[in-house]
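Text of start_27.cif (mmCIF, C-alpha atoms and all ligand atoms) as supplied:
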data_protein
loop_
_atom_site.label_atom_id
_atom_site.label_comp_id
_atom_site.auth_asym_id
_atom_site.auth_seq_id
_atom_site.Cartn_x
_atom_site.Cartn_y
_atom_site.Cartn_z
CA MET A 28 -35.67 -28.43 29.51
CA ARG A 29 -37.80 -29.40 26.51
CA ALA A 30 -39.62 -26.09 26.60
CA CYS A 31 -36.38 -24.17 26.43
CA ARG A 32 -35.22 -25.57 23.13
CA PRO A 33 -37.58 -23.78 20.75
CA ILE A 34 -36.99 -20.55 22.67
CA VAL A 35 -33.22 -20.86 22.19
CA LEU A 36 -33.67 -21.61 18.49
CA PHE A 37 -36.05 -18.70 18.10
CA ALA A 38 -33.70 -16.35 19.93
CA ALA A 39 -30.79 -17.38 17.71
CA ALA A 40 -32.85 -16.88 14.55
CA PHE A 41 -34.07 -13.50 15.78
CA ALA A 42 -30.54 -12.39 16.61
CA ALA A 43 -29.39 -13.34 13.11
CA LEU A 44 -32.28 -11.41 11.59
CA VAL A 45 -31.58 -8.19 13.47
CA SER A 46 -27.80 -8.34 13.21
CA ALA A 47 -27.62 -8.99 9.47
CA PRO A 48 -29.06 -5.66 8.28
CA ALA A 49 -27.20 -3.77 11.02
CA ALA A 50 -23.88 -5.16 9.77
CA GLN A 51 -24.66 -3.95 6.25
CA ALA A 52 -25.82 -0.45 7.17
CA PRO A 53 -23.23 2.09 6.01
CA PRO A 54 -21.41 3.88 8.82
CA PRO A 55 -22.21 7.61 9.07
CA ARG A 56 -20.09 10.02 7.03
CA ASN A 57 -16.91 11.64 8.36
CA VAL A 58 -15.28 14.94 7.46
CA ILE A 59 -11.69 16.13 7.51
CA LEU A 60 -10.69 19.76 7.03
CA ILE A 61 -7.03 20.45 6.26
CA THR A 62 -5.39 23.86 5.96
CA LEU A 63 -1.87 24.71 4.76
CA ASP A 64 -1.13 28.18 6.08
CA GLY A 65 -0.56 30.70 3.31
CA ALA A 66 0.35 28.17 0.59
CA ARG A 67 0.14 30.21 -2.62
CA THR A 68 -1.84 29.25 -5.71
CA GLN A 69 1.37 29.81 -7.66
CA GLU A 70 3.10 26.78 -6.09
CA ILE A 71 -0.01 24.61 -5.86
CA PHE A 72 -0.85 25.01 -9.56
CA GLY A 73 2.60 25.78 -10.98
CA GLY A 74 5.22 24.28 -8.67
CA LEU A 75 8.59 26.00 -8.41
CA ASP A 76 8.44 29.72 -9.29
CA ILE A 77 11.78 30.38 -10.95
CA ASP A 78 11.60 34.16 -10.40
CA VAL A 79 11.22 33.68 -6.66
CA LEU A 80 14.08 31.17 -6.54
CA ARG A 81 16.31 33.49 -8.57
CA ALA A 82 15.58 36.46 -6.31
CA GLY A 83 16.90 34.51 -3.33
CA LEU A 84 20.23 33.40 -4.85
CA LYS A 85 23.44 33.95 -2.93
CA LYS A 86 26.30 35.91 -4.50
CA ASP A 87 27.80 34.08 -7.52
CA GLU A 88 25.27 31.25 -7.19
CA THR A 89 23.37 30.13 -10.29
CA VAL A 90 19.81 28.93 -10.12
CA GLU A 91 20.88 25.51 -11.49
CA GLN A 92 23.20 25.05 -8.51
CA THR A 93 20.39 25.24 -6.00
CA ARG A 94 19.01 22.07 -4.49
CA ALA A 95 15.46 23.37 -4.97
CA TYR A 96 16.02 23.67 -8.72
CA GLN A 97 17.55 20.22 -8.92
CA GLN A 98 14.70 18.69 -6.95
CA TYR A 99 11.70 20.53 -8.32
CA TRP A 100 12.36 22.17 -11.68
CA ALA A 101 10.59 21.00 -14.85
CA GLU A 102 9.64 22.78 -18.06
CA THR A 103 5.87 23.15 -17.65
CA PRO A 104 3.68 24.20 -14.69
CA VAL A 105 1.92 20.83 -14.81
CA ALA A 106 5.21 18.93 -14.62
CA ARG A 107 6.63 21.27 -11.97
CA ARG A 108 3.70 21.01 -9.58
CA ALA A 109 3.80 17.23 -9.84
CA ARG A 110 7.47 17.27 -8.83
CA VAL A 111 6.53 19.06 -5.61
CA MET A 112 3.26 17.24 -4.92
CA PRO A 113 3.27 14.00 -6.93
CA PHE A 114 0.55 12.23 -4.94
CA PHE A 115 -1.78 15.21 -4.93
CA TRP A 116 -1.54 15.78 -8.69
CA ASN A 117 -0.79 12.40 -10.25
CA GLU A 118 -3.01 10.27 -8.06
CA TRP A 119 -5.46 12.12 -5.83
CA MET A 120 -6.70 14.86 -8.12
CA THR A 121 -6.59 12.55 -11.14
CA ALA A 122 -8.64 9.74 -9.64
CA GLU A 123 -10.61 11.20 -6.75
CA GLY A 124 -10.44 14.91 -6.25
CA SER A 125 -11.48 18.26 -7.50
CA VAL A 126 -9.51 21.49 -7.16
CA ALA A 127 -10.64 25.10 -7.47
CA GLY A 128 -8.56 28.23 -7.80
CA ASN A 129 -6.41 27.91 -10.91
CA ARG A 130 -7.08 31.31 -12.43
CA ALA A 131 -5.26 30.34 -15.62
CA ARG A 132 -8.11 27.88 -16.22
CA GLY A 133 -10.91 30.26 -15.31
CA SER A 134 -11.42 29.01 -11.77
CA ARG A 135 -11.38 31.55 -8.95
CA PHE A 136 -11.36 30.81 -5.25
CA GLY A 137 -10.66 33.39 -2.57
CA ILE A 138 -11.30 34.92 0.81
CA ARG A 139 -14.07 37.41 1.63
CA ASN A 140 -12.34 39.11 4.56
CA SER A 141 -10.22 42.16 3.80
CA LYS A 142 -7.39 41.38 6.24
CA ARG A 143 -5.47 38.73 4.30
CA PHE A 144 -3.76 37.28 7.37
CA SER A 145 -4.25 34.16 9.44
CA TYR A 146 -6.76 34.62 12.25
CA PRO A 147 -9.33 36.43 10.07
CA GLY A 148 -8.82 33.78 7.38
CA TYR A 149 -9.31 30.81 9.69
CA ALA A 150 -12.27 32.50 11.36
CA GLU A 151 -13.88 32.94 7.94
CA ILE A 152 -13.28 29.28 7.08
CA LEU A 153 -14.56 27.98 10.42
CA THR A 154 -17.45 30.37 11.11
CA GLY A 155 -18.64 30.77 7.54
CA GLU A 156 -18.33 34.54 7.44
CA PRO A 157 -15.73 37.29 7.65
CA HIS A 158 -15.63 39.33 10.86
CA ASP A 159 -13.55 42.29 9.71
CA ALA A 160 -14.87 44.72 12.30
CA VAL A 161 -13.91 42.48 15.22
CA ILE A 162 -11.10 40.10 14.25
CA ASP A 163 -8.15 42.30 13.37
CA SER A 164 -5.11 40.62 14.93
CA ASN A 165 -3.41 37.25 15.30
CA ASP A 166 -3.54 37.51 19.09
CA ASN A 167 -4.48 34.53 21.25
CA THR A 168 -8.04 35.75 21.70
CA ARG A 169 -11.33 33.87 21.72
CA TYR A 170 -14.27 35.41 19.86
CA PRO A 171 -17.97 34.70 20.44
CA PHE A 172 -18.70 33.35 16.96
CA PRO A 173 -19.53 29.63 16.91
CA THR A 174 -17.44 27.51 14.55
CA VAL A 175 -18.61 24.72 12.28
CA LEU A 176 -16.75 22.30 14.57
CA GLU A 177 -18.93 23.33 17.51
CA VAL A 178 -22.12 23.31 15.45
CA LEU A 179 -21.42 19.81 14.13
CA GLN A 180 -20.62 18.53 17.60
CA ARG A 181 -23.91 19.81 18.98
CA ARG A 182 -26.15 18.96 16.04
CA LEU A 183 -24.77 15.42 15.74
CA SER A 184 -24.43 14.89 19.51
CA LEU A 185 -20.76 13.99 19.17
CA GLY A 186 -18.59 13.24 22.19
CA ARG A 187 -15.46 15.12 23.16
CA ASP A 188 -13.11 12.86 21.17
CA GLN A 189 -15.40 12.75 18.14
CA VAL A 190 -14.49 16.28 17.10
CA ALA A 191 -10.79 17.11 17.12
CA ALA A 192 -8.51 19.88 15.93
CA PHE A 193 -4.72 19.62 15.68
CA GLY A 194 -2.71 22.69 14.74
CA SER A 195 0.95 23.61 14.43
CA TRP A 196 0.22 27.22 15.47
CA GLU A 197 -0.73 27.66 19.12
CA THR A 198 -3.44 30.22 18.31
CA PHE A 199 -5.68 27.39 17.08
CA ARG A 200 -6.42 26.76 20.76
CA TRP A 201 -8.48 29.97 20.53
CA ILE A 202 -9.50 30.01 16.86
CA THR A 203 -11.25 26.66 16.75
CA ALA A 204 -14.09 27.30 19.21
CA SER A 205 -16.09 30.14 20.75
CA LYS A 206 -16.17 28.21 24.02
CA PRO A 207 -13.16 26.27 25.39
CA ASP A 208 -12.89 22.55 26.17
CA GLY A 209 -15.88 21.23 24.24
CA PHE A 210 -13.76 18.94 22.06
CA VAL A 211 -10.14 17.88 21.57
CA VAL A 212 -7.86 20.76 20.57
CA ASN A 213 -4.08 20.37 20.50
CA ALA A 214 -2.01 23.17 18.96
CA GLY A 215 1.43 24.72 19.14
CA TYR A 216 3.83 23.27 21.66
CA GLN A 217 1.28 21.42 23.74
CA ALA A 218 1.45 18.01 25.36
CA PHE A 219 -1.08 15.45 24.19
CA SER A 220 -2.11 12.65 26.47
CA SER A 221 -3.15 9.48 24.75
CA GLY A 222 -3.28 5.76 25.30
CA ASP A 223 -1.29 5.35 22.09
CA ALA A 224 2.41 4.83 22.86
CA GLU A 225 3.46 6.42 19.55
CA ALA A 226 1.44 9.55 20.28
CA THR A 227 2.98 9.78 23.73
CA ARG A 228 6.40 9.71 22.10
CA TRP A 229 5.49 12.43 19.52
CA SER A 230 4.01 14.51 22.31
CA ARG A 231 7.28 14.35 24.25
CA GLU A 232 9.55 14.82 21.26
CA GLN A 233 7.81 17.99 20.03
CA PHE A 234 9.52 19.76 22.95
CA GLU A 235 12.91 18.33 21.94
CA ALA A 236 12.72 19.45 18.29
CA HIS A 237 12.60 23.23 18.35
CA SER A 238 11.28 24.91 15.26
CA PRO A 239 12.60 28.40 14.45
CA TRP A 240 9.32 29.87 15.76
CA ASP A 241 8.06 30.40 19.29
CA SER A 242 4.38 29.72 18.60
CA VAL A 243 4.57 27.12 15.82
CA ARG A 244 5.79 23.55 16.30
CA HIS A 245 6.94 21.49 13.35
CA ASP A 246 4.07 20.21 11.21
CA MET A 247 5.34 16.66 11.57
CA PHE A 248 4.17 16.54 15.20
CA THR A 249 0.79 17.99 14.32
CA PHE A 250 0.29 15.45 11.58
CA ARG A 251 1.47 12.48 13.65
CA LEU A 252 -0.72 13.37 16.65
CA ALA A 253 -3.74 13.93 14.42
CA LEU A 254 -3.23 10.62 12.62
CA SER A 255 -2.88 8.80 15.93
CA HIS A 256 -6.11 10.35 17.20
CA LEU A 257 -7.85 9.43 13.97
CA LYS A 258 -6.79 5.80 14.28
CA THR A 259 -7.50 5.42 17.99
CA ALA A 260 -10.43 7.74 18.84
CA ARG A 261 -11.98 7.57 15.36
CA PRO A 262 -13.53 11.06 15.23
CA ARG A 263 -16.32 11.98 12.81
CA VAL A 264 -14.93 15.51 12.43
CA LEU A 265 -11.19 16.20 12.23
CA TYR A 266 -9.40 19.47 11.56
CA LEU A 267 -5.68 19.32 10.68
CA ALA A 268 -4.06 22.77 10.52
CA LEU A 269 -0.50 22.72 9.16
CA GLY A 270 1.55 25.90 9.37
CA GLU A 271 5.14 25.71 8.20
CA THR A 272 4.45 26.84 4.64
CA ASP A 273 3.69 30.32 6.01
CA ASP A 274 6.56 30.55 8.45
CA TRP A 275 9.24 29.53 5.98
CA ALA A 276 7.81 32.03 3.49
CA HIS A 277 8.05 34.86 6.05
CA GLY A 278 11.63 33.78 6.58
CA GLU A 279 12.22 33.97 2.78
CA ARG A 280 13.23 30.31 2.74
CA TYR A 281 11.66 29.41 -0.58
CA ASP A 282 13.45 26.05 -0.65
CA ARG A 283 11.83 25.13 2.66
CA VAL A 284 8.39 26.19 1.42
CA LEU A 285 8.73 23.70 -1.44
CA GLN A 286 10.11 21.00 0.86
CA THR A 287 7.20 21.53 3.25
CA LEU A 288 4.71 21.15 0.42
CA ALA A 289 6.48 17.96 -0.67
CA LEU A 290 6.39 16.59 2.88
CA THR A 291 2.73 17.51 3.17
CA ASP A 292 2.08 15.62 -0.06
CA ALA A 293 3.60 12.50 1.48
CA TRP A 294 1.44 12.95 4.59
CA LEU A 295 -1.68 13.36 2.49
CA LYS A 296 -0.82 10.09 0.77
CA GLU A 297 -0.33 8.36 4.11
CA LEU A 298 -3.61 9.76 5.42
CA TRP A 299 -5.54 8.75 2.31
CA THR A 300 -4.03 5.28 2.22
CA TRP A 301 -5.05 4.71 5.83
CA LEU A 302 -8.56 6.13 5.34
CA GLN A 303 -9.10 3.86 2.36
CA SER A 304 -7.94 0.84 4.35
CA ASP A 305 -10.46 1.38 7.15
CA PRO A 306 -14.14 0.35 7.07
CA GLN A 307 -15.40 3.44 8.94
CA TYR A 308 -13.63 5.91 6.67
CA ARG A 309 -13.25 4.16 3.30
CA ASN A 310 -15.23 5.96 0.58
CA ASN A 311 -17.11 7.59 3.43
CA THR A 312 -15.02 10.63 4.29
CA SER A 313 -15.27 14.10 2.79
CA ILE A 314 -12.02 16.04 2.77
CA LEU A 315 -11.58 19.75 2.10
CA ILE A 316 -8.13 21.33 1.85
CA THR A 317 -7.67 25.07 1.69
CA VAL A 318 -5.65 28.00 3.04
CA ASP A 319 -6.24 31.08 5.20
CA HIS A 320 -4.77 33.54 2.72
CA GLY A 321 -2.56 33.77 -0.35
CA ARG A 322 0.57 35.87 -0.69
CA GLY A 323 2.13 38.40 -3.03
CA ARG A 324 2.40 37.43 -6.69
CA THR A 325 5.90 38.67 -7.45
CA ALA A 326 9.48 37.83 -6.55
CA ALA A 327 9.50 41.01 -4.45
CA ASP A 328 6.45 40.26 -2.30
CA TRP A 329 5.86 36.48 -2.50
CA GLY A 330 6.79 36.11 1.18
CA LYS A 331 4.26 38.71 2.35
CA HIS A 332 0.53 38.90 2.82
CA GLY A 333 -1.90 41.34 4.41
CA GLU A 334 -4.38 44.02 3.48
CA GLN A 335 -1.98 45.85 1.17
CA VAL A 336 -0.54 42.82 -0.62
CA ASP A 337 -2.13 42.19 -3.99
CA GLY A 338 -2.73 38.51 -4.65
CA ALA A 339 -3.06 37.54 -0.98
CA GLN A 340 -6.84 37.39 -1.41
CA GLU A 341 -6.48 34.56 -3.96
CA THR A 342 -6.60 31.06 -2.52
CA TRP A 343 -7.54 27.52 -3.57
CA LEU A 344 -9.64 24.59 -2.44
CA ALA A 345 -9.25 20.86 -2.98
CA ALA A 346 -12.16 18.51 -2.32
CA ILE A 347 -12.35 14.74 -2.14
CA GLY A 348 -15.57 13.08 -1.11
CA PRO A 349 -18.05 10.32 -1.87
CA ASP A 350 -20.82 12.81 -2.72
CA TRP A 351 -18.79 14.95 -5.10
CA PRO A 352 -18.63 13.68 -8.67
CA ARG A 353 -16.40 16.37 -10.17
CA ARG A 354 -12.89 15.26 -10.92
CA GLY A 355 -9.64 17.13 -11.53
CA GLU A 356 -9.07 20.84 -11.94
CA TRP A 357 -12.01 23.16 -12.16
CA ALA A 358 -12.12 25.08 -15.45
CA ASP A 359 -14.50 27.93 -16.30
CA ALA A 360 -16.26 27.23 -13.02
CA PRO A 361 -18.34 29.50 -10.78
CA ASP A 362 -16.39 31.60 -8.28
CA ALA A 363 -16.30 30.19 -4.76
CA PHE A 364 -15.06 31.56 -1.46
CA ALA A 365 -13.63 30.56 1.89
CA ASN A 366 -16.84 31.60 3.67
CA GLN A 367 -18.57 28.64 1.95
CA VAL A 368 -16.25 26.00 3.38
CA ALA A 369 -18.06 25.62 6.73
CA ALA A 370 -21.51 25.09 5.21
CA THR A 371 -20.03 22.71 2.62
CA LEU A 372 -18.47 20.58 5.37
CA ALA A 373 -21.68 20.61 7.37
CA ARG A 374 -23.80 19.61 4.39
CA THR A 375 -21.71 16.50 3.79
CA LEU A 376 -22.84 15.38 7.27
CA GLY A 377 -26.45 16.31 6.56
CA VAL A 378 -26.37 19.50 8.64
CA ASP A 379 -27.64 22.86 7.38
CA LEU A 380 -25.14 25.24 8.98
CA ARG A 381 -27.26 28.28 8.25
CA GLN A 382 -29.87 27.21 10.76
CA ASP A 383 -27.20 28.07 13.33
CA ILE A 384 -25.14 30.70 11.50
CA ALA A 385 -27.60 32.70 9.41
CA ASN A 386 -24.95 34.68 7.51
CA ALA A 387 -22.66 31.77 6.66
CA GLY A 388 -21.81 31.39 2.98
CA ALA A 389 -23.83 28.76 1.11
CA PRO A 390 -22.47 25.27 0.44
CA ILE A 391 -20.49 25.11 -2.81
CA GLU A 392 -23.15 23.61 -5.06
CA TYR A 393 -20.71 23.04 -7.92
CA LEU A 394 -18.98 20.33 -5.89
CA TRP A 395 -22.12 18.23 -6.00
CA GLY A 396 -22.05 18.55 -9.78
CA ARG A 397 -25.14 20.71 -10.15
ZN ZN B 1 1.70 34.69 7.65
#
As structure tokens, how would this structure be written, given the file I've shared?
Amino acid sequence: MRACRPIVLFAAAFAALVSAPAAQAPPPRNVILITLDGARTQEIFGGLDIDVLRAGLKKDETVEQTRAYQQYWAETPVARRARVMPFFWNEWMTAEGSVAGNRARGSRFGIRNSKRFSYPGYAEILTGEPHDAVIDSNDNTRYPFPTVLEVLQRRLSLGRDQVAAFGSWETFRWITASKPDGFVVNAGYQAFSSGDAEATRWSREQFEAHSPWDSVRHDMFTFRLALSHLKTARPRVLYLALGETDDWAHGERYDRVLQTLALTDAWLKELWTWLQSDPQYRNNTSILITVDHGRGRTAADWGKHGEQVDGAQETWLAAIGPDWPRRGEWADAPDAFANQVAATLARTLGVDLRQDIANAGAPIEYLWGR
């Protein structure tokens, strides 16, 4: 009995010694990639485009009578964009973020592929290079090019739940990985099994809330399922691919494009608020937001994109992260491209993507303030 006492005391002291530094060690970094399909630079940087709204008026309708005008019109581009995305512009990009692609301020961001439609755009973002000779349709096809999601999973030895992709468009089941079933992918109308009762409900209700499109569910379900997975499985790498901005634009529903951007802004606020409330993610998560392609510049072709549509090669990138000191809108900045997104994401987790994908675009140095 007597001999045990010092051993117990010693063990307690030793435990305190080893646990104290462990509790203070910062958790490893996380990354979140978000894409808003085909959201134009014109709306992101300028809000409501009055020419586009006017072109879609019904007979005898004035622009002032439209709900979109009443909700989103203001005199200047800076005021207009903040009416559509108040969190993004008035809070996030003012206090935390950095955003490239406003050509009026001498910042150019764009895609390197020549196709200017979705699959080639997402492939460029996720694999770090355009594949024009091979990827030439939006078909549900898997290609052999590894994505940054797969590279990060392997290099960081992450489990199945630790890398996750949620998409509104079903084709993300094929786009996100060169090999199936390595990590969580949930896209299009697809059930999601989860221990979270809320997620189970969203999973069921997605089939009860038909969108106008066969292969794209409403973004709300994608966002809710992704947020649930974030909170419960706590992935290091999350990809959230929202899609309605593109589909409403193809349907020439400009009002719905603006409403979708406004909804997305509210979701971004909810996501950021949660991240900043959580010890694993607070000030420890790098977020990149971009798009697969732009669209036409004029009231005649704003709904379109593709090889022949001028302006559809122009996109934008927003970045929020603990390693990136730049704040606000880029001005007179170096050009950057979608093929640099993958290596940029990887670098924030300490991974050199180009050891795996030799031709991937370089990380965007300017983000790190050099
Ligand atoms: Zn499209």
For a quick check of understanding, using only C-alpha atoms, which of A:Gln286, A:Gln382, A:Gln367, A:Gln92 has the smallest distance to A:Arg110?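 So, comparing all the options, the nearest one is A:Gln286.
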Go through A:Trp275, A:Tyr96, A:Trp201, A:Phe136 one by one, measure the shortest atom-to-atom distance of each to ligand ZN 1 (chain B) using only C-alpha atoms and all ligand atoms, and give the residue with the smallest value.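 Using only C-alpha atoms and all ligand atoms, the shortest distance to ligand ZN 1 (chain B) belongs to A:Trp275.
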Which residue out of A:Leu380, A:Val90, A:Val161, A:Val318 has the minimum interatomic distance to A:Ile138 when all atoms listed in the file are used? A:Val318
Kindly provide, as a list in words, all nucleotide and amino acid residues lying within 7 Å of ligand ZN 1 (chain B), counting all atoms listed in the file.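 Residues satisfying the distance criterion: Gly65, Phe144, Ser145, Asp273, Asp274, His277 and His332 of chain A.
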Between A:Arg187, A:Lys258, A:Arg228, A:Lys142, smallest distance to A:Phe210 by all atoms listed in the file belongs to A:Arg187
Determine the nearest neighbour of A:Ala339 from the options A:Ser141, A:Ser184, A:Asn57, A:Asn129, counting all atoms listed in the file.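 Checking each candidate against A:Ala339, we get A:Ser141 as the closest.
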Leaving out A:Asp379 and any residue of its chain fewer than 5 positions from it, which residues lie within 8 Å of it when counting all atoms listed in the file, given as an MDAnalysis selection string? chainID A and resid 370 373:374
With all atoms listed in the file as the basis for distance, which of A:Ala82, A:Val178, A:Ala365, A:Ala150 is at the shortest distance from A:Val264? A:Val178
Distance in Å - atom CA of A:Tyr170 versus atom CA of A:Ala385: 17.2 Å
Interatomic distance, atom CA of A:His237 to atom CA of A:Ile316 (Å, one decimal): 26.6 Å
How far is it from atom CA of A:His158 to atom CA of A:Thr371, in Å with one decimal?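 Taking atom CA of A:His158 as the start and atom CA of A:Thr371 as the end point, the length is 19.1 Å.
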Compile the contact shell of A:Val111 as JSON, numbers by chain: residues with an atom at most 8 Å away, counting all atoms listed in the file, same-chain residues fewer than 4 positions apart removed. {"A": [74, 75, 99, 107, 285, 286, 288, 289, 292]}
Kindly save the residues from that selection, with C-alpha atoms included, as a PDB file, keeping the file's coordinate frame.
ATOM      1  CA  GLY A  74       5.220  24.280  -8.670  1.00  0.00           C
ATOM      2  CA  LEU A  75       8.590  26.000  -8.410  1.00  0.00           C
ATOM      3  CA  TYR A  99      11.700  20.530  -8.320  1.00  0.00           C
ATOM      4  CA  ARG A 107       6.630  21.270 -11.970  1.00  0.00           C
ATOM      5  CA  LEU A 285       8.730  23.700  -1.440  1.00  0.00           C
ATOM      6  CA  GLN A 286      10.110  21.000   0.860  1.00  0.00           C
ATOM      7  CA  LEU A 288       4.710  21.150   0.420  1.00  0.00           C
ATOM      8  CA  ALA A 289       6.480  17.960  -0.670  1.00  0.00           C
ATOM      9  CA  ASP A 292       2.080  15.620  -0.060  1.00  0.00           C
TER      10      ASP A 292
END
Sphere at (-14.0, 36.7, -1.2), radius 12 Å, counting only C-alpha atoms: residues as a PyMOL selection string: chain A and resi 135-143+148+151-152+155-157+319-321+338-343+362-368+388
Excluding A:Pro352 and residues on its chain fewer than 5 positions from it, collect all residues at most 9 Å away from it, counting only C-alpha atoms, and give them as a list in words.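 Once the adjacent positions are removed, what remains is Glu123, Gly124, Ser125, Leu394, Trp395 and Gly396 of chain A.
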Applying 10 Å and all atoms listed in the file, which residues near A:Leu372 remain after dropping the ones on its own chain fewer than 4 positions away? List them as a count of residues only. 21
Got a sec: who's within 12 Å of A:Glu118, counting all atoms listed in the file, leaving out chain neighbours fewer than 6 positions off, as a list in words? Ala109, Met112, Gly124, Ser125, Asp292, Ala293, Leu295, Lys296, Trp299, Thr300, Ile347, Arg354 and Gly355 of chain A
